[in-house]
$ cat my_file.cif   # mmCIF, C-alpha atoms
data_entry
loop_
_atom_site.label_atom_id
_atom_site.label_comp_id
_atom_site.auth_asym_id
_atom_site.auth_seq_id
_atom_site.Cartn_x
_atom_site.Cartn_y
_atom_site.Cartn_z
CA MET A 1 -63.89 30.48 17.44
CA GLU A 2 -61.79 28.71 14.87
CA GLN A 3 -62.08 31.41 12.22
CA SER A 4 -60.34 34.05 14.34
CA ARG A 5 -57.20 32.00 14.92
CA MET A 6 -54.00 33.20 13.28
CA PRO A 7 -53.53 31.14 10.11
CA GLU A 8 -50.38 29.08 9.64
CA LEU A 9 -47.88 31.34 7.91
CA GLY A 10 -44.69 29.38 8.50
CA ARG A 11 -41.58 31.54 8.61
CA PHE A 12 -43.68 34.59 7.80
CA ALA A 13 -45.71 34.34 11.02
CA GLU A 14 -43.61 36.88 12.89
CA PRO A 15 -43.38 39.45 10.04
CA ALA A 16 -47.13 39.03 9.53
CA LEU A 17 -47.81 39.79 13.18
CA LEU A 18 -45.57 42.87 12.99
CA ILE A 19 -47.43 44.08 9.90
CA LEU A 20 -50.80 43.57 11.56
CA VAL A 21 -49.64 45.53 14.60
CA SER A 22 -48.38 48.29 12.34
CA LEU A 23 -51.68 48.48 10.47
CA SER A 24 -53.65 48.48 13.73
CA GLY A 25 -52.63 52.14 13.98
CA GLY A 26 -54.26 52.94 10.63
CA PRO A 27 -53.73 52.26 6.91
CA LYS A 28 -50.14 52.37 5.66
CA HIS A 29 -48.32 51.72 2.43
CA GLY A 30 -45.39 49.32 2.17
CA TYR A 31 -42.57 51.73 2.89
CA ALA A 32 -44.41 53.22 5.88
CA ILE A 33 -44.97 49.72 7.31
CA MET A 34 -41.25 48.98 7.02
CA GLY A 35 -40.41 52.22 8.84
CA ASP A 36 -43.01 51.61 11.52
CA VAL A 37 -41.84 48.05 12.18
CA GLU A 38 -38.22 49.16 12.42
CA ALA A 39 -39.15 51.96 14.79
CA GLY A 40 -41.20 49.61 16.97
CA THR A 41 -38.85 46.64 17.13
CA GLY A 42 -35.46 48.16 16.39
CA ARG A 43 -35.00 45.62 13.60
CA PRO A 44 -35.41 46.33 9.90
CA MET A 45 -37.87 44.37 7.81
CA GLY A 46 -36.67 43.77 4.25
CA PRO A 47 -38.93 44.56 1.29
CA GLY A 48 -38.95 40.92 0.15
CA THR A 49 -40.11 39.73 3.55
CA LEU A 50 -42.66 42.54 3.79
CA TYR A 51 -44.38 41.69 0.52
CA ALA A 52 -44.21 37.91 1.04
CA ALA A 53 -46.02 38.34 4.36
CA LEU A 54 -48.35 41.02 2.99
CA ALA A 55 -49.41 38.78 0.10
CA ARG A 56 -50.26 35.97 2.53
CA LEU A 57 -52.22 38.28 4.80
CA GLU A 58 -54.17 39.67 1.86
CA GLU A 59 -54.79 36.16 0.51
CA ARG A 60 -56.24 35.12 3.89
CA GLY A 61 -58.41 38.23 4.15
CA LEU A 62 -56.64 39.74 7.16
CA VAL A 63 -55.62 42.92 5.32
CA GLU A 64 -56.99 44.63 2.23
CA ALA A 65 -55.47 46.95 -0.32
CA LEU A 66 -56.85 50.47 -0.76
CA PRO A 67 -56.75 52.41 -4.02
CA PRO A 68 -53.17 53.42 -4.83
CA VAL A 69 -51.95 56.96 -4.39
CA ASP A 70 -49.34 57.50 -7.10
CA ARG A 71 -47.26 54.31 -6.85
CA ARG A 72 -47.99 53.78 -3.18
CA ARG A 73 -50.80 51.43 -2.27
CA PRO A 74 -52.01 51.63 1.32
CA TYR A 75 -53.21 48.56 3.21
CA ARG A 76 -55.55 48.34 6.14
CA LEU A 77 -56.75 45.70 8.58
CA THR A 78 -60.01 43.95 7.77
CA GLY A 79 -62.53 43.11 10.48
CA LEU A 80 -61.22 39.56 10.52
CA GLY A 81 -57.67 40.86 10.68
CA SER A 82 -58.52 42.99 13.74
CA THR A 83 -60.12 40.02 15.50
CA VAL A 84 -57.25 37.68 14.67
CA LEU A 85 -54.68 40.24 15.81
CA ALA A 86 -56.52 40.89 19.09
CA ASP A 87 -56.71 37.14 19.85
CA GLN A 88 -53.08 36.69 18.95
CA LEU A 89 -51.95 39.56 21.17
CA ARG A 90 -54.06 38.28 24.07
CA ASP A 91 -52.46 34.84 23.69
CA LEU A 92 -49.01 36.43 23.63
CA ALA A 93 -49.85 38.57 26.65
CA ALA A 94 -51.03 35.50 28.59
CA PHE A 95 -47.88 33.63 27.56
CA ALA A 96 -45.69 36.55 28.56
CA ALA A 97 -47.48 36.83 31.92
CA LEU A 98 -46.96 33.12 32.53
CA GLY A 99 -43.26 33.42 31.78
CA LEU A 100 -42.89 36.45 34.05
CA ARG A 101 -44.70 34.70 36.90
CA ARG A 102 -42.43 31.70 36.59
CA LEU A 103 -39.36 33.91 36.53
CA GLU A 104 -40.55 35.76 39.62
CA GLY A 105 -41.22 32.41 41.35
CA ALA A 106 -37.76 31.14 40.47
CA THR A 107 -35.92 34.27 41.60
CA GLY A 108 -38.23 35.17 44.51
CA MET B 109 -36.33 54.45 -12.23
CA ARG B 110 -33.27 52.81 -10.71
CA PRO B 111 -31.98 49.94 -12.86
CA ALA B 112 -31.04 47.77 -9.86
CA ALA B 113 -34.56 47.99 -8.42
CA SER B 114 -36.07 47.28 -11.82
CA VAL B 115 -33.88 44.19 -12.25
CA LEU B 116 -34.80 42.92 -8.79
CA VAL B 117 -38.52 43.26 -9.52
CA ARG B 118 -38.07 41.26 -12.70
CA VAL B 119 -36.82 38.30 -10.66
CA TYR B 120 -40.37 37.85 -9.40
CA PRO B 121 -42.95 35.79 -11.35
CA ALA B 122 -45.03 37.70 -13.92
CA ARG B 123 -48.29 37.02 -12.08
CA TRP B 124 -46.83 38.40 -8.86
CA ARG B 125 -45.50 41.46 -10.69
CA ALA B 126 -48.89 42.10 -12.21
CA ARG B 127 -50.34 42.46 -8.72
CA TYR B 128 -47.52 43.93 -6.60
CA GLY B 129 -44.83 44.97 -9.09
CA GLU B 130 -45.56 48.70 -9.32
CA GLU B 131 -45.86 49.37 -5.59
CA PHE B 132 -42.94 47.05 -4.84
CA LEU B 133 -40.75 48.99 -7.24
CA GLY B 134 -41.86 52.15 -5.47
CA VAL B 135 -40.74 50.71 -2.12
CA LEU B 136 -37.37 49.67 -3.53
CA GLU B 137 -36.80 53.15 -4.92
CA GLU B 138 -37.60 54.88 -1.61
CA ARG B 139 -34.14 54.25 -0.20
CA PRO B 140 -30.70 52.99 -1.26
CA LEU B 141 -30.58 49.22 -1.54
CA GLY B 142 -28.06 47.51 0.72
CA PRO B 143 -26.81 43.93 0.58
CA PHE B 144 -29.41 42.93 3.17
CA ASP B 145 -32.20 44.28 0.96
CA VAL B 146 -30.88 42.53 -2.15
CA VAL B 147 -30.67 39.15 -0.40
CA ASP B 148 -34.07 39.69 1.17
CA VAL B 149 -35.64 40.52 -2.20
CA LEU B 150 -34.05 37.48 -3.86
CA LEU B 151 -35.38 35.22 -1.11
CA GLY B 152 -38.78 36.90 -1.49
CA ALA B 153 -38.69 36.21 -5.23
CA LEU B 154 -37.85 32.55 -4.59
CA ASP B 155 -40.76 32.37 -2.18
CA ALA B 156 -43.06 33.98 -4.74
CA HIS B 157 -42.05 31.41 -7.34
CA LEU B 158 -42.67 28.56 -4.89
CA HIS B 159 -45.85 30.11 -3.57
CA LEU B 160 -47.34 30.62 -7.03
CA ARG B 161 -46.13 27.30 -8.36
CA GLY B 162 -48.97 25.36 -6.75
CA LEU B 163 -51.61 27.55 -8.34
CA GLY B 164 -49.87 27.38 -11.70
CA ALA B 165 -49.49 23.64 -11.50
CA ALA B 166 -53.17 23.25 -10.64
CA SER B 167 -54.06 25.36 -13.63
CA GLU B 168 -51.79 23.34 -15.92
CA HIS B 169 -53.20 20.14 -14.52
CA ARG B 170 -56.72 21.39 -15.23
CA LYS B 171 -55.71 22.32 -18.78
CA GLY B 172 -54.19 18.91 -19.45
CA PHE B 173 -57.14 17.21 -17.87
CA THR B 174 -59.62 19.16 -20.01
CA MET B 175 -57.56 18.45 -23.09
CA THR B 176 -57.62 14.67 -22.57
CA LEU B 177 -61.37 14.73 -22.02
CA ARG B 178 -62.04 16.86 -25.10
CA LEU B 179 -59.64 14.88 -27.29
CA GLY B 180 -61.05 11.57 -26.06
CA GLY B 181 -64.62 12.73 -26.63
CA TYR B 182 -64.13 13.94 -30.18
CA ALA B 183 -62.01 10.88 -31.04
CA ALA B 184 -64.78 8.58 -29.76
CA ILE B 185 -67.35 10.37 -31.94
CA ALA B 186 -65.10 10.23 -35.02
CA GLY B 187 -64.04 6.65 -34.27
CA GLY B 188 -67.60 5.40 -33.89
CA PHE B 189 -68.64 7.07 -37.13
CA LEU B 190 -65.64 5.90 -39.19
CA PHE B 191 -65.79 2.40 -37.72
CA PHE B 192 -69.38 1.84 -38.82
CA ILE B 193 -69.19 3.52 -42.23
CA GLY B 194 -65.89 1.79 -43.01
CA LEU B 195 -67.04 -1.65 -41.88
CA ALA B 196 -70.46 -1.44 -43.52
CA ALA B 197 -69.20 -0.11 -46.83
CA ALA B 198 -66.20 -2.47 -46.99
CA SER B 199 -68.47 -5.45 -46.24
CA ALA B 200 -71.04 -4.39 -48.83
CA LEU B 201 -68.56 -3.57 -51.58
CA GLY B 202 -66.09 -6.44 -51.07
CA ASP B 203 -62.95 -6.01 -53.19
CA ALA B 204 -64.17 -2.63 -54.39
CA GLY B 205 -64.24 -1.30 -50.85
CA GLY B 206 -60.51 -0.62 -50.47
CA VAL B 207 -60.97 3.01 -49.51
CA PHE B 208 -63.54 2.10 -46.91
CA ILE B 209 -61.31 -0.44 -45.19
CA LEU B 210 -58.80 2.37 -44.80
CA MET B 211 -61.62 4.43 -43.32
CA PHE B 212 -62.24 1.52 -40.96
CA ALA B 213 -58.55 1.61 -39.95
CA ALA B 214 -58.84 5.34 -39.34
CA GLY B 215 -61.83 4.57 -37.12
CA ALA B 216 -59.76 2.07 -35.14
CA ALA B 217 -57.01 4.68 -34.76
CA ALA B 218 -59.55 7.24 -33.54
CA LEU B 219 -60.93 4.71 -31.05
CA LEU B 220 -57.39 4.15 -29.78
CA VAL B 221 -57.08 7.90 -29.15
CA ALA B 222 -60.51 7.89 -27.52
CA LEU B 223 -59.52 5.00 -25.26
CA ALA B 224 -56.37 6.83 -24.17
CA GLY B 225 -58.12 10.16 -23.58
CA LEU B 226 -61.18 8.85 -21.80
CA SER B 227 -59.12 6.38 -19.75
CA ALA B 228 -56.82 9.20 -18.62
CA PHE B 229 -59.91 11.13 -17.54
CA GLN B 230 -61.49 8.23 -15.65
CA ALA B 231 -58.20 6.99 -14.18
CA ARG B 232 -58.09 9.97 -11.81
CA ARG B 233 -60.43 8.06 -9.53
CA TYR B 234 -60.06 4.38 -10.47
CA PRO B 235 -56.60 4.03 -12.02
CA LYS B 236 -56.17 0.25 -11.72
CA LEU B 237 -59.62 -0.63 -13.05
CA VAL B 238 -59.48 1.85 -15.91
CA TRP B 239 -55.95 1.11 -17.09
CA ALA B 240 -56.57 -2.64 -16.84
CA ALA B 241 -59.60 -2.19 -19.07
CA PHE B 242 -57.55 -0.04 -21.45
CA VAL B 243 -54.92 -2.62 -22.35
CA LEU B 244 -56.91 -5.14 -24.39
CA PRO B 245 -58.88 -2.72 -26.61
CA ALA B 246 -55.74 -0.65 -27.17
CA ILE B 247 -53.85 -3.73 -28.35
CA GLY B 248 -56.87 -4.67 -30.43
CA ALA B 249 -56.96 -1.27 -32.12
CA VAL B 250 -53.25 -1.40 -32.96
CA VAL B 251 -53.45 -4.96 -34.32
CA THR B 252 -56.56 -4.03 -36.32
CA ILE B 253 -54.70 -1.15 -37.98
CA ILE B 254 -51.73 -3.41 -38.71
CA GLY B 255 -54.09 -5.99 -40.19
CA VAL B 256 -55.74 -3.42 -42.46
CA LEU B 257 -52.36 -2.24 -43.67
CA GLY B 258 -51.47 -5.87 -44.37
CA ILE B 259 -54.67 -6.37 -46.37
CA VAL B 260 -53.85 -3.31 -48.45
CA LEU B 261 -50.23 -4.38 -48.98
CA VAL B 262 -50.37 -8.16 -49.45
CA GLY B 263 -54.05 -8.94 -49.93
CA ASP B 264 -54.82 -12.58 -49.21
CA GLY B 265 -51.14 -13.64 -49.02
CA ARG B 266 -49.14 -14.44 -45.91
CA PHE B 267 -48.52 -11.43 -43.74
CA VAL B 268 -47.07 -12.49 -40.38
CA GLY B 269 -45.56 -16.00 -40.45
CA GLN B 270 -48.33 -18.35 -41.50
CA TRP B 271 -51.02 -15.80 -40.80
CA SER B 272 -52.73 -13.82 -43.48
CA ALA B 273 -53.48 -10.14 -42.99
CA TRP B 274 -57.17 -11.02 -42.73
CA TYR B 275 -56.42 -13.29 -39.79
CA VAL B 276 -54.43 -10.53 -38.07
CA TRP B 277 -57.23 -8.07 -38.76
CA SER B 278 -59.87 -10.46 -37.34
CA PHE B 279 -57.77 -11.09 -34.25
CA GLY B 280 -57.34 -7.35 -33.67
CA LEU B 281 -61.01 -6.66 -34.28
CA MET B 282 -62.05 -9.27 -31.73
CA ALA B 283 -59.67 -7.85 -29.16
CA LEU B 284 -60.99 -4.37 -29.87
CA ILE B 285 -64.60 -5.45 -29.49
CA ILE B 286 -64.07 -7.53 -26.34
CA GLY B 287 -61.87 -4.78 -24.94
CA SER B 288 -64.52 -2.19 -25.72
CA ALA B 289 -66.93 -4.18 -23.56
CA MET B 290 -64.36 -4.19 -20.73
CA PHE B 291 -63.78 -0.47 -21.16
CA ALA B 292 -67.52 0.16 -21.11
CA ILE B 293 -67.92 -1.89 -17.92
CA ALA B 294 -65.16 0.16 -16.29
CA THR B 295 -66.88 3.34 -17.51
CA PHE B 296 -70.17 2.16 -16.04
CA LEU B 297 -68.51 1.44 -12.67
CA THR B 298 -66.68 4.76 -12.46
CA HIS B 299 -69.84 6.86 -13.07
CA SER B 300 -67.64 9.33 -14.93
CA LEU B 301 -69.34 9.34 -18.33
CA SER B 302 -72.78 8.36 -19.64
CA ARG B 303 -73.85 5.05 -18.10
CA PRO B 304 -76.60 4.39 -20.71
CA ALA B 305 -73.95 4.80 -23.43
CA ALA B 306 -71.71 2.36 -21.56
CA ILE B 307 -74.57 -0.18 -21.40
CA VAL B 308 -75.18 0.15 -25.16
CA LEU B 309 -71.47 -0.43 -25.78
CA VAL B 310 -71.34 -3.48 -23.52
CA VAL B 311 -74.44 -5.12 -25.00
CA SER B 312 -73.45 -4.43 -28.61
CA SER B 313 -69.90 -5.67 -28.02
CA VAL B 314 -71.14 -8.87 -26.43
CA ALA B 315 -73.50 -9.36 -29.38
CA LEU B 316 -70.77 -8.72 -31.94
CA VAL B 317 -68.19 -11.13 -30.50
CA PRO B 318 -69.77 -14.45 -31.55
CA VAL B 319 -70.71 -12.97 -34.89
CA GLY B 320 -67.20 -11.77 -35.49
CA MET B 321 -65.72 -15.12 -34.42
CA GLY B 322 -67.84 -16.85 -37.02
CA LEU B 323 -69.94 -18.78 -34.55
CA ASP B 324 -73.20 -19.89 -36.06
CA ILE B 325 -75.43 -18.25 -33.49
CA LEU B 326 -77.56 -16.54 -36.08
CA SER B 327 -78.79 -19.83 -37.52
CA PHE B 328 -82.19 -19.24 -36.04
CA ILE B 329 -82.49 -16.04 -38.04
CA PRO B 330 -83.50 -16.30 -41.70
CA ASP B 331 -80.57 -15.71 -44.04
CA THR B 332 -82.15 -12.56 -45.33
CA PHE B 333 -82.10 -10.92 -41.91
CA ALA B 334 -78.71 -12.16 -40.67
CA PRO B 335 -76.72 -9.31 -42.28
CA ILE B 336 -79.28 -6.85 -40.94
CA ALA B 337 -78.89 -8.24 -37.40
CA MET B 338 -75.12 -7.99 -37.70
CA GLY B 339 -75.42 -4.47 -39.08
CA ILE B 340 -77.62 -3.48 -36.16
CA CYS B 341 -75.04 -4.83 -33.68
CA ALA B 342 -72.23 -2.93 -35.45
CA LEU B 343 -74.36 0.22 -35.55
CA ALA B 344 -75.14 -0.09 -31.84
CA PHE B 345 -71.42 -0.58 -31.14
CA SER B 346 -70.59 2.60 -33.05
CA LEU B 347 -73.46 4.52 -31.43
CA GLY B 348 -72.21 3.42 -28.01
CA TRP B 349 -68.83 4.97 -28.73
CA ILE B 350 -70.39 8.10 -30.21
CA ALA B 351 -72.66 8.52 -27.17
CA LEU B 352 -69.69 8.12 -24.83
CA GLY B 353 -67.84 10.77 -26.84
CA VAL B 354 -70.79 13.14 -26.72
CA SER B 355 -71.09 12.71 -22.96
CA ALA B 356 -67.35 13.47 -22.61
CA VAL B 357 -67.59 16.61 -24.76
CA ARG B 358 -70.68 17.79 -22.85
CA LEU B 359 -68.82 17.25 -19.61
CA ASP B 360 -65.99 19.43 -20.87
CA ASN B 361 -66.90 22.71 -19.23
CA PRO B 362 -65.31 24.18 -16.09
CA GLY B 363 -68.33 23.85 -13.80
CA ARG B 364 -69.01 20.23 -14.59
CA ILE B 365 -65.34 19.29 -14.44
CA ALA B 366 -65.00 20.98 -11.05
CA GLN B 367 -68.01 18.98 -9.89
CA GLN B 368 -66.41 15.77 -11.19
CA GLY B 369 -63.14 16.65 -9.48
CA ALA B 370 -64.93 17.22 -6.19
CA ASN B 371 -66.57 13.79 -6.26
#
$ encode --input "my_file.cif" --output "structure tokens"
Amino acid sequence: MEQSRMPELGRFAEPALLILVSLSGGPKHGYAIMGDVEAGTGRPMGPGTLYAALARLEERGLVEALPPVDRRRPYRLTGLGSTVLADQLRDLAAFAALGLRRLEGATG
Amino acid sequence: MRPAASVLVRVYPARWRARYGEEFLGVLEERPLGPFDVVDVLLGALDAHLHLRGLGAASEHRKGFTMTLRLGGYAAIAGGFLFFIGLAAASALGDAGGVFILMFAAGAAALLVALAGLSAFQARRYPKLVWAAFVLPAIGAVVTIIGVLGIVLVGDGRFVGQWSAWYVWSFGLMALIIGSAMFAIATFLTHSLSRPAAIVLVVSSVALVPVGMGLDILSFIPDTFAPIAMGICALAFSLGWIALGVSAVRLDNPGRIAQQGAN
């Protein structure tokens, strides 16, 4: 299923994943995404990084913009974005499980 | 509106601002900007410039590419027309055809522009072949123009060393005609422009060469018809160029160019 793989986003791969996770809880505008990411990871995401990653995600069809409310424009996951995010999280979960098993084997 | 936020947004490219500028400014104004934010925004702006540069460059490339095709096409049409009218009228009128020999020179100049434009178009796919075929006719066109200027300035007298301007003109014309055949063969091989037009240009050029060099190959034709046969060859040569120009101009629309680019 080649189409559902996370596209190459270079140094914006991690911010893009954080944005996708944030939007998986429902549509959000830029400032709300920044707050959500900081609350979830404990690390701030700068506005320049946010919009660089957001532009790439929109360009690749993983998120889409909704009509603006005042100056705030909400974004939401597309169907493709949901699929890509789910695959990516499963891969990460499998990788994390592998690491934990190895750690347990080494210390046990 | 906070001036600092407004200034930071202006660091981004105009195309980016048109899409994200308003909401981005809103985000910047939601909270006080710290040094981390400023650096992050500047790096984001640099990324936006780099990210958009490829698209912009492609667009500029397309524009330049379309321009060479259009310029080459119209120059070929003008060159073919001026070449024939100038040559025919100057030959028919003799010494009284001074204006027409200048028209002939203008035709050679237009063909030089056509050669450059159409070669640039075709060289995208076959650069060595096309530019090799460009050299001789381009030199021929330049020498032809110099020869015409010499005829106007010194008439039958010496122009370059022992050579008269007529000799220089003849030499240039031969190079232009032989080179046109080479250019047409390259055009035929690249499949970029009209192949029937390229065939007409090759055949007419090959027919014109011995005539232009003064070889007595028309001896089997009655004297009355010899000028007509030569005129037909010259007309076919001009029509070959005009047809190539028309095919270039007809190709000059986005859909057909995209198709050519994809080949």
$ closest_atom_pairs --input "my_file.cif" --of "chain A" --to "chain B" --cutoff "6 Å" --atoms "only C-alpha atoms" --output "Markdown table"
| residue | atom | partner | partner_atom | distance |
| --- | --- | --- | --- | --- |
| A:Tyr31 | CA | B:Val135 | CA | 5.4 |
| A:Gly46 | CA | B:Asp145 | CA | 5.6 |
| A:Gly48 | CA | B:Val149 | CA | 4.1 |
| A:Thr49 | CA | B:Gly152 | CA | 5.9 |
| A:Arg71 | CA | B:Glu131 | CA | 5.3 |
| A:Arg72 | CA | B:Glu131 | CA | 5.5 |
$ closest_residue --input "my_file.cif" --among "A:Arg56, A:Lys28, A:Arg76, A:Arg102" --to "Pro15 in chain A" --atoms "all atoms listed in the file"
A:Arg56
$ atom_distance --input "my_file.cif" --atom1 "CA of Val238 in chain B" --atom2 "CA of Ala213 in chain B"
24.1 Å
$ resolve_selection --input "my_file.cif" --expression "the PyMOL selection byres ((chain A and resi 18) around 12)" --output "number ranges by chain"
A: 12-17, 19-25, 33-45, 49-50, 53-54, 57, 85, 88-89
$ atom_distance --input "my_file.cif" --atom1 "CA of Gly180 in chain B" --atom2 "CA of Leu359 in chain B"
11.6 Å
$ closest_residue --input "my_file.cif" --among "B:Ala273, B:Leu309, B:Leu301, B:Ala183" --to "Ala289 in chain B" --atoms "all atoms listed in the file"
B:Leu309
$ atom_distance --input "my_file.cif" --atom1 "CA of Leu223 in chain B" --atom2 "CA of Ala184 in chain B"
7.8 Å
$ residues_around --input "my_file.cif" --residues "Glu59 in chain A" --least-positions-apart "2" --cutoff "12 Å" --atoms "only C-alpha atoms" --output "MDAnalysis selection string"
(chainID A and resid 7 9 51:57 61:65 78 81) or (chainID B and resid 159:160)
$ write_last_selection --input "my_file.cif" --atoms "C-alpha atoms" --output "PDB file, in the frame of the given file"
ATOM      1  CA  PRO A   7     -53.530  31.140  10.110  1.00  0.00           C
ATOM      2  CA  LEU A   9     -47.880  31.340   7.910  1.00  0.00           C
ATOM      3  CA  TYR A  51     -44.380  41.690   0.520  1.00  0.00           C
ATOM      4  CA  ALA A  52     -44.210  37.910   1.040  1.00  0.00           C
ATOM      5  CA  ALA A  53     -46.020  38.340   4.360  1.00  0.00           C
ATOM      6  CA  LEU A  54     -48.350  41.020   2.990  1.00  0.00           C
ATOM      7  CA  ALA A  55     -49.410  38.780   0.100  1.00  0.00           C
ATOM      8  CA  ARG A  56     -50.260  35.970   2.530  1.00  0.00           C
ATOM      9  CA  LEU A  57     -52.220  38.280   4.800  1.00  0.00           C
ATOM     10  CA  GLY A  61     -58.410  38.230   4.150  1.00  0.00           C
ATOM     11  CA  LEU A  62     -56.640  39.740   7.160  1.00  0.00           C
ATOM     12  CA  VAL A  63     -55.620  42.920   5.320  1.00  0.00           C
ATOM     13  CA  GLU A  64     -56.990  44.630   2.230  1.00  0.00           C
ATOM     14  CA  ALA A  65     -55.470  46.950  -0.320  1.00  0.00           C
ATOM     15  CA  THR A  78     -60.010  43.950   7.770  1.00  0.00           C
ATOM     16  CA  GLY A  81     -57.670  40.860  10.680  1.00  0.00           C
TER      17      GLY A  81
ATOM     18  CA  HIS B 159     -45.850  30.110  -3.570  1.00  0.00           C
ATOM     19  CA  LEU B 160     -47.340  30.620  -7.030  1.00  0.00           C
TER      20      LEU B 160
END
$ residues_near_point --input "my_file.cif" --point "(-64.7, 16.5, -30.7)" --cutoff "10 Å" --atoms "all atoms listed in the file" --output "number ranges by chain"
B: 177-186, 353-354, 356-358
$ residues_around --input "my_file.cif" --residues "Phe296 in chain B" --least-positions-apart "4" --cutoff "7 Å" --atoms "all atoms listed in the file" --output "list in words"
Ala292, Arg303 and Ala306 of chain B
$ closest_residue --input "my_file.cif" --among "B:Leu190, B:Leu210, B:Leu219, B:Met338" --to "Ala246 in chain B" --atoms "all atoms listed in the file"
B:Leu219
$ residues_near_point --input "my_file.cif" --point "(-57.7, 3.5, -28.9)" --cutoff "10 Å" --atoms "only C-alpha atoms" --output "VMD selection string"
chain B and resid 180 183 to 184 187 215 to 227 242 to 250 284 288
$ axis_aligned_box --input "my_file.cif" --around "range 81-84 of chain A" --padding-each-side "8 Å" --output "lines of an AutoDock Vina configuration file"
center_x = -58.7
center_y = 40.3
center_z = 13.1
size_x = 18.9
size_y = 21.3
size_z = 20.8
